[in-house]
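Right, one structure below, let's go through it.
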Amino acid sequence: MSAAGTTSVAPPVVSAAASDKAPSQRSLPWLMSAPAILLCTVMLLVPLVLTFVLSFNAYDAETGPKAGTFTLEHYAAVLTDPYYYGIFWRTLWISGLVTLICIVVGAPEAYILNRMRKPWRSIMLLVVLAPLMISVVVRAFGWSMLLGPEGLINGTLVALGFAKVKLLYTETAIVIALVHVMLPFMVIPVWTSLQKLDGGVANAALSLGASPITVLRRIVLPQIMPGILSGSLIVFGLSASSFAIPGLLGGRRLKMMATIIYDEYLHELNWPLGAAIALLLLVANLVIMLGWNRMIERRYKKALG
């Protein structure tokens, strides 16, 4: 028999060092992620679970929450009372309006910011981020001074011969202040998306006869959709759960969900009802945000082919 017929391929030999190294490499990502997972569990998941359990506890006006006694009456009270429906609706439509205004104002602002040259770009970026360095409470008090009956806006209207308008303790005041607070959270994600946009593509489209509006609609807008999506989710979620702005500019009569939760916890001391309202607000936020995310992602994939 020839040597060619008797030749066989030897199986690969795996050294002991390589076989010992493989499990450690697989566990390395988990070990590196362990601090973040632990922090998320302790700071987020555990409070959510405790709030979930608390929302089912029975409540007595004299003794407070009854641990170990569970009921669905808090959820039934919220889901069957038109009063809470009205507050839910006000919270969601104000949050949606604030998100829409931030998109309309923030996306062009990010585009202009991206087109600026140094040092004006750095100065403009500082102007956008500067409000984040000031407390929301301080900004809310500032807006109350501007929008009050004797504030700068009404003083200007009187000086021009117009009558005073009621701005403070209205939904308009809440929307104005929330847009001011949330606008940086829209500008920064859109600006980050624009950093990845190749300017040569837009210039090529212009050289081929496309109008500036067509370039914005067909080239720029699809590219910045991820930034708009990220910014809108952040703005909507923070607006729906905002407490300082509605509490200070909405007054005691104009309630939103965060102020209702605060009242139930600290004024009425009905912690289970406050927990139930908080969880229902969380579920409503998640449903709306996930639906919005899915719709935008579909359009984004369709636009990019």
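Lettering and numbering for the structure tokens are positional, with chains as A, B, ... in the shown order, residues counted from 1 in each chain, and ligands counted from 1 in the shown order.
Residues lying within 12 Å of Ala163 (chain A), counting only C-alpha atoms and ignoring same-chain neighbours fewer than 4 positions away, are A:Pro149, A:Ile153, A:Asn154, A:Gly155, A:Thr156, A:Leu157, A:Val158, A:Ala159.
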Residues within 12 Å of Val98 (chain A), only C-alpha atoms, excluding chain neighbours under 3 positions, as a PyMOL selection string: chain A and resi 91-95+101-106+171-183+185-186+231-240+242
Have a look at A:Ile228, A:Leu266, A:Val137, A:Ala284 and name the one nearest to Phe243 (chain A); count only C-alpha atoms.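 Once distances to Phe243 (chain A) are computed over only C-alpha atoms, the minimum belongs to A:Val137.
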Write down as JSON, numbers by chain the residues of region 5-124 of chain A whose backbone DSSP state falls under helix (DSSP H, G or I). {"A": [5, 6, 16, 17, 18, 19, 20, 21, 22, 23, 24, 25, 26, 27, 28, 29, 30, 31, 32, 33, 34, 35, 36, 37, 38, 39, 40, 41, 42, 43, 44, 45, 46, 47, 48, 49, 50, 51, 52, 53, 54, 73, 74, 75, 76, 77, 78, 79, 82, 83, 84, 85, 86, 87, 88, 89, 90, 91, 92, 93, 94, 95, 96, 97, 98, 99, 100, 101, 102, 103, 104, 105, 106, 107, 108, 109, 110, 111, 112, 113, 114, 115, 120, 121, 122, 123, 124]}
Could you write out the selected residues, including C-alpha atoms, as a PDB file, in the first residue's frame?
```pdb
ATOM      1  CA  GLY A   5      -3.114   5.866   1.091  1.00  0.00           C
ATOM      2  CA  THR A   6      -1.927   5.383   4.636  1.00  0.00           C
ATOM      3  CA  ALA A  16      -4.422  22.508  28.599  1.00  0.00           C
ATOM      4  CA  ALA A  17      -3.675  26.220  28.921  1.00  0.00           C
ATOM      5  CA  ALA A  18      -6.081  27.097  26.080  1.00  0.00           C
ATOM      6  CA  SER A  19      -8.849  24.916  27.500  1.00  0.00           C
ATOM      7  CA  ASP A  20      -8.444  26.517  30.918  1.00  0.00           C
ATOM      8  CA  LYS A  21      -8.441  29.986  29.405  1.00  0.00           C
ATOM      9  CA  ALA A  22     -11.710  29.635  27.474  1.00  0.00           C
ATOM     10  CA  PRO A  23     -14.078  29.586  30.503  1.00  0.00           C
ATOM     11  CA  SER A  24     -12.347  32.593  32.042  1.00  0.00           C
ATOM     12  CA  GLN A  25     -12.758  34.549  28.797  1.00  0.00           C
ATOM     13  CA  ARG A  26     -16.454  33.725  28.721  1.00  0.00           C
ATOM     14  CA  SER A  27     -16.931  34.875  32.306  1.00  0.00           C
ATOM     15  CA  LEU A  28     -14.901  38.086  31.863  1.00  0.00           C
ATOM     16  CA  PRO A  29     -17.828  40.169  30.425  1.00  0.00           C
ATOM     17  CA  TRP A  30     -20.040  39.101  33.323  1.00  0.00           C
ATOM     18  CA  LEU A  31     -17.365  39.992  35.855  1.00  0.00           C
ATOM     19  CA  MET A  32     -16.883  43.410  34.256  1.00  0.00           C
ATOM     20  CA  SER A  33     -20.651  44.015  34.167  1.00  0.00           C
ATOM     21  CA  ALA A  34     -21.210  42.823  37.742  1.00  0.00           C
ATOM     22  CA  PRO A  35     -20.865  46.280  39.403  1.00  0.00           C
ATOM     23  CA  ALA A  36     -23.382  47.846  36.988  1.00  0.00           C
ATOM     24  CA  ILE A  37     -25.784  44.902  37.353  1.00  0.00           C
ATOM     25  CA  LEU A  38     -25.509  45.065  41.152  1.00  0.00           C
ATOM     26  CA  LEU A  39     -26.082  48.827  41.172  1.00  0.00           C
ATOM     27  CA  CYS A  40     -29.096  48.519  38.846  1.00  0.00           C
ATOM     28  CA  THR A  41     -30.549  45.746  41.007  1.00  0.00           C
ATOM     29  CA  VAL A  42     -30.120  47.599  44.295  1.00  0.00           C
ATOM     30  CA  MET A  43     -31.088  51.085  43.079  1.00  0.00           C
ATOM     31  CA  LEU A  44     -33.829  50.232  40.558  1.00  0.00           C
ATOM     32  CA  LEU A  45     -35.204  46.714  40.657  1.00  0.00           C
ATOM     33  CA  VAL A  46     -35.456  46.318  44.441  1.00  0.00           C
ATOM     34  CA  PRO A  47     -37.354  49.637  44.943  1.00  0.00           C
ATOM     35  CA  LEU A  48     -39.688  48.733  42.063  1.00  0.00           C
ATOM     36  CA  VAL A  49     -40.448  45.344  43.572  1.00  0.00           C
ATOM     37  CA  LEU A  50     -41.063  46.889  47.000  1.00  0.00           C
ATOM     38  CA  THR A  51     -43.324  49.543  45.446  1.00  0.00           C
ATOM     39  CA  PHE A  52     -45.197  46.814  43.565  1.00  0.00           C
ATOM     40  CA  VAL A  53     -45.805  44.876  46.786  1.00  0.00           C
ATOM     41  CA  LEU A  54     -46.768  48.052  48.658  1.00  0.00           C
ATOM     42  CA  GLU A  73     -58.974  48.302  45.862  1.00  0.00           C
ATOM     43  CA  HIS A  74     -56.282  50.903  45.147  1.00  0.00           C
ATOM     44  CA  TYR A  75     -56.034  49.939  41.475  1.00  0.00           C
ATOM     45  CA  ALA A  76     -59.824  49.739  41.259  1.00  0.00           C
ATOM     46  CA  ALA A  77     -60.124  53.216  42.793  1.00  0.00           C
ATOM     47  CA  VAL A  78     -57.745  54.713  40.237  1.00  0.00           C
ATOM     48  CA  LEU A  79     -59.084  52.860  37.191  1.00  0.00           C
ATOM     49  CA  PRO A  82     -62.888  59.927  36.261  1.00  0.00           C
ATOM     50  CA  TYR A  83     -60.832  62.287  38.425  1.00  0.00           C
ATOM     51  CA  TYR A  84     -57.714  60.189  37.904  1.00  0.00           C
ATOM     52  CA  TYR A  85     -58.516  59.750  34.202  1.00  0.00           C
ATOM     53  CA  GLY A  86     -58.474  63.532  33.804  1.00  0.00           C
ATOM     54  CA  ILE A  87     -55.108  63.835  35.553  1.00  0.00           C
ATOM     55  CA  PHE A  88     -53.654  60.982  33.503  1.00  0.00           C
ATOM     56  CA  TRP A  89     -54.836  62.641  30.297  1.00  0.00           C
ATOM     57  CA  ARG A  90     -53.441  66.038  31.327  1.00  0.00           C
ATOM     58  CA  THR A  91     -50.075  64.481  32.174  1.00  0.00           C
ATOM     59  CA  LEU A  92     -49.799  62.574  28.902  1.00  0.00           C
ATOM     60  CA  TRP A  93     -50.922  65.346  26.558  1.00  0.00           C
ATOM     61  CA  ILE A  94     -48.663  67.928  28.219  1.00  0.00           C
ATOM     62  CA  SER A  95     -45.747  65.490  27.971  1.00  0.00           C
ATOM     63  CA  GLY A  96     -46.562  64.820  24.314  1.00  0.00           C
ATOM     64  CA  LEU A  97     -46.841  68.539  23.522  1.00  0.00           C
ATOM     65  CA  VAL A  98     -43.534  69.272  25.262  1.00  0.00           C
ATOM     66  CA  THR A  99     -41.890  66.459  23.281  1.00  0.00           C
ATOM     67  CA  LEU A 100     -43.292  67.790  19.989  1.00  0.00           C
ATOM     68  CA  ILE A 101     -42.124  71.344  20.706  1.00  0.00           C
ATOM     69  CA  CYS A 102     -38.673  70.077  21.684  1.00  0.00           C
ATOM     70  CA  ILE A 103     -38.433  68.176  18.381  1.00  0.00           C
ATOM     71  CA  VAL A 104     -39.539  71.200  16.336  1.00  0.00           C
ATOM     72  CA  VAL A 105     -37.145  73.539  18.145  1.00  0.00           C
ATOM     73  CA  GLY A 106     -34.323  71.178  19.124  1.00  0.00           C
ATOM     74  CA  ALA A 107     -33.706  69.400  15.803  1.00  0.00           C
ATOM     75  CA  PRO A 108     -33.090  72.632  13.792  1.00  0.00           C
ATOM     76  CA  GLU A 109     -31.045  73.992  16.692  1.00  0.00           C
ATOM     77  CA  ALA A 110     -28.861  70.864  16.626  1.00  0.00           C
ATOM     78  CA  TYR A 111     -28.507  71.164  12.840  1.00  0.00           C
ATOM     79  CA  ILE A 112     -27.398  74.796  13.125  1.00  0.00           C
ATOM     80  CA  LEU A 113     -25.050  73.829  15.944  1.00  0.00           C
ATOM     81  CA  ASN A 114     -23.509  71.165  13.744  1.00  0.00           C
ATOM     82  CA  ARG A 115     -22.977  73.647  10.894  1.00  0.00           C
ATOM     83  CA  TRP A 120     -18.910  79.550  17.920  1.00  0.00           C
ATOM     84  CA  ARG A 121     -19.875  75.880  18.082  1.00  0.00           C
ATOM     85  CA  SER A 122     -18.306  75.514  21.531  1.00  0.00           C
ATOM     86  CA  ILE A 123     -19.959  78.723  22.731  1.00  0.00           C
ATOM     87  CA  MET A 124     -23.373  77.619  21.440  1.00  0.00           C
TER      88      MET A 124
END
```
Of A:Val201, A:Leu146, A:Ile261, A:Leu72, the one sitting nearest Leu167 (chain A) when using only C-alpha atoms is A:Leu146
Which residues in region 1-159 of chain A does DSSP call strand (DSSP E or B)? List them as a list in words.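 Going through region 1-159 of chain A, the strand (DSSP E or B) residues come out as Asn57, Ala58, Tyr59, Asp60, Gly64, Pro65, Lys66, Ala67, Gly68, Thr69 and Phe70 of chain A.
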Extract, using only C-alpha atoms, all DNA, RNA and protein residues at most 7 Å from region 59-63 of chain A, discarding same-chain residues fewer than 3 positions from it, and format them as a list of chain:residue names. A:Lys66, A:Asn270, A:Pro272
Please produce a file of the residues just selected, as a PDB file, in the first residue's frame, where the atoms kept are all heavy atoms.
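Result saved to out-v6.pdb:
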```pdb
ATOM      1  N   LYS A  66     -51.271  48.146  55.905  1.00  0.00           N
ATOM      2  CA  LYS A  66     -51.273  46.877  56.628  1.00  0.00           C
ATOM      3  C   LYS A  66     -50.411  45.868  55.884  1.00  0.00           C
ATOM      4  O   LYS A  66     -50.828  45.320  54.857  1.00  0.00           O
ATOM      5  CB  LYS A  66     -52.701  46.343  56.769  1.00  0.00           C
ATOM      6  CG  LYS A  66     -53.617  47.234  57.604  1.00  0.00           C
ATOM      7  CD  LYS A  66     -55.005  46.624  57.717  1.00  0.00           C
ATOM      8  CE  LYS A  66     -55.911  47.484  58.579  1.00  0.00           C
ATOM      9  NZ  LYS A  66     -57.285  46.895  58.684  1.00  0.00           N
ATOM     10  N   ASN A 270     -51.330  57.865  52.377  1.00  0.00           N
ATOM     11  CA  ASN A 270     -51.857  56.624  51.788  1.00  0.00           C
ATOM     12  C   ASN A 270     -50.800  56.087  50.833  1.00  0.00           C
ATOM     13  O   ASN A 270     -50.903  56.238  49.608  1.00  0.00           O
ATOM     14  CB  ASN A 270     -53.176  56.911  51.065  1.00  0.00           C
ATOM     15  CG  ASN A 270     -53.911  55.639  50.693  1.00  0.00           C
ATOM     16  OD1 ASN A 270     -53.343  54.546  50.701  1.00  0.00           O
ATOM     17  ND2 ASN A 270     -55.186  55.772  50.370  1.00  0.00           N
ATOM     18  N   PRO A 272     -49.972  52.965  49.878  1.00  0.00           N
ATOM     19  CA  PRO A 272     -50.376  51.983  48.851  1.00  0.00           C
ATOM     20  C   PRO A 272     -51.045  52.620  47.638  1.00  0.00           C
ATOM     21  O   PRO A 272     -50.776  52.217  46.496  1.00  0.00           O
ATOM     22  CB  PRO A 272     -51.325  51.057  49.612  1.00  0.00           C
ATOM     23  CG  PRO A 272     -50.903  51.163  51.039  1.00  0.00           C
ATOM     24  CD  PRO A 272     -50.497  52.597  51.211  1.00  0.00           C
TER      25      PRO A 272
END
```
